[in-house]
Amino acid sequence: MSLISPAARDALETFLAHQRSIKGAADNTVLAYGGDITEFLTFMTDHSGQTQGLGALARITTRDMRAWMARTRSGGVGPRSLARKLSAVKAFYKWLSQREGFEPTAVLSTRAPKFTKKLPRPLAEEAARDLLEIAPLQSTQPWVGLRDTAVLTLLWGCGLRISEALSLQGSDAPLPQVMRITGKGGKERIVPVIDAARDAVDAYIAGCPYDLPDDGPLFRAIRGGALAPRAIQKAMASARMQLGLPASATPHAMRHSFATHLLNAGGDLRAIQELLGHASLSTTQAYTAVDTARLMDVYARAHPKA
């Protein structure tokens with residue numbers, strides 16, 4: 001951040017602190033915001049040939065924004081990533097303009113590039129079951145296989161995000177029938193825990209060679225530290241290769257599958273929204289893969305004129 005003026009640097013740090021403490025943004029979100037906005041401020045310094053103080057930032061024009069977007073795209077950044085960067089810059093400018101009292105229209109009116117949203121690709125029920133059966137075989141250490149199976153069972157059986165599963169503490173075990181999970185933005189939700197998930201976690205605990213104190217992480221890495229998502233991703237990648245599943249069969253796809261399989265079995269979309277911890281129903285709809293045949297079946301059975 002050496003090319004950014006002290007005033008702009010302080011403003012960015014204050015903004016990030018605001019996002020973390022007031023908005024409840026996750027650490028990864030704050031980190032991404034910091035990187036994206038720093039890149040933007042650095043570009044504006046190069047583009048104008050002078051350090052960008054707060055006064056200069058308030059005078060950024062539509063042409064400046066177009067130049068930044070063109071440079072970013074030419075650097076190999078795709079439309080989806082550029083849209084994310086623009087969203088971060090807009091959030092910063094909306095906050096900064098309110099604090100400094102300037103008009104941010106040039107920034108806020110900049111249109112994001114169009115891109116096709118990737119729809120989640122859940123696994124078939126049989127494929128999800130096969131993954132859980134083969135997961136214990138991906139490590140030469142039996143307890144590691146039990147650990148990976150327990151985490152994946154929480155993703156598919158309870159709809160947890162991988163970060164939520166790995167944030168469980170020793171005090172959470174043995175798992176109750178209902179858990180209170182803190183998700184994105186500090187939002188809490190109540191999640192029923194199926195017997196299969198409790199059994200998988202119990203089996204892991206029984207085989208784990210490390211002590212699991214109440215104030216420590218429940219899931220442990222090979223050397224006893226907190227388990228990182230990468231270990232579960234690698235185990236899933238190995239399992240899907242053996243089963244001939246596509247690269248879209250990731251740990252997060254297990255959460256997609258949780259939602260889709262519940263809906264296909266007749267689950268209520270609003271209830272699934274609560275179980276997943278989504279703020280918007282449209283987000284839940286994107287997670288669920290309802291085929292046309294099922295929609296027509298629901299229509300034929302439920303509509304009075306069908």
# chains A, B, ... in the order shown; residues from 1 in each chain; ligands from 1

$ closest_atom_pairs --of "region 79-187 of chain A" --to "region 12-30 of chain A" --cutoff "10 Å" --atoms "only C-alpha atoms" --output "Markdown table"
| residue | atom | partner | partner_atom | distance |
| --- | --- | --- | --- | --- |
| A:Ala88 | CA | A:Thr29 | CA | 9.5 |
| A:Ala91 | CA | A:Phe15 | CA | 9.2 |
| A:Phe92 | CA | A:Phe15 | CA | 6.8 |
| A:Tyr93 | CA | A:Phe15 | CA | 9.7 |
| A:Trp95 | CA | A:Phe15 | CA | 7.3 |
| A:Leu96 | CA | A:Phe15 | CA | 7.9 |
| A:Gly183 | CA | A:Ala26 | CA | 9.0 |
| A:Lys184 | CA | A:Ala26 | CA | 6.3 |
| A:Gly185 | CA | A:Gly24 | CA | 4.6 |
| A:Gly186 | CA | A:Gly24 | CA | 5.9 |
| A:Lys187 | CA | A:Gly24 | CA | 8.7 |

$ closest_atom_pairs --of "region 35-134 of chain A" --to "region 192-204 of chain A" --cutoff "12 Å" --atoms "only C-alpha atoms" --output "Markdown table"
| residue | atom | partner | partner_atom | distance |
| --- | --- | --- | --- | --- |
| A:Arg129 | CA | A:Ala196 | CA | 11.7 |
| A:Leu132 | CA | A:Ala200 | CA | 10.2 |
| A:Glu133 | CA | A:Ala200 | CA | 11.5 |

$ atom_distance --atom1 "CA of Ile190 (chain A)" --atom2 "CA of Leu262 (chain A)"
16.4 Å

$ residues_around --residues "Val151 (chain A)" --least-positions-apart "2" --cutoff "8 Å" --atoms "only C-alpha atoms" --output "ChimeraX atom specification"
/A:147-149,153-155,162,165-166,201,232

$ atom_distance --atom1 "CA of Val144 (chain A)" --atom2 "CA of Pro209 (chain A)"
9.9 Å

$ select_by_dssp --residues "region 67-172 of chain A" --states "alpha helix (DSSP H)" --output "count of residues only"
66

$ closest_residue --among "A:Ala221, A:Cys208, A:Ala247, A:Leu41" --to "Trp143 (chain A)" --atoms "only C-alpha atoms"
A:Cys208

$ residues_around --residues "Lys94 (chain A)" --least-positions-apart "3" --cutoff "8 Å" --atoms "only C-alpha atoms" --output "list in words"
Lys90, Ala91, Ser97, Gln98, Pro104 and Leu108 of chain A
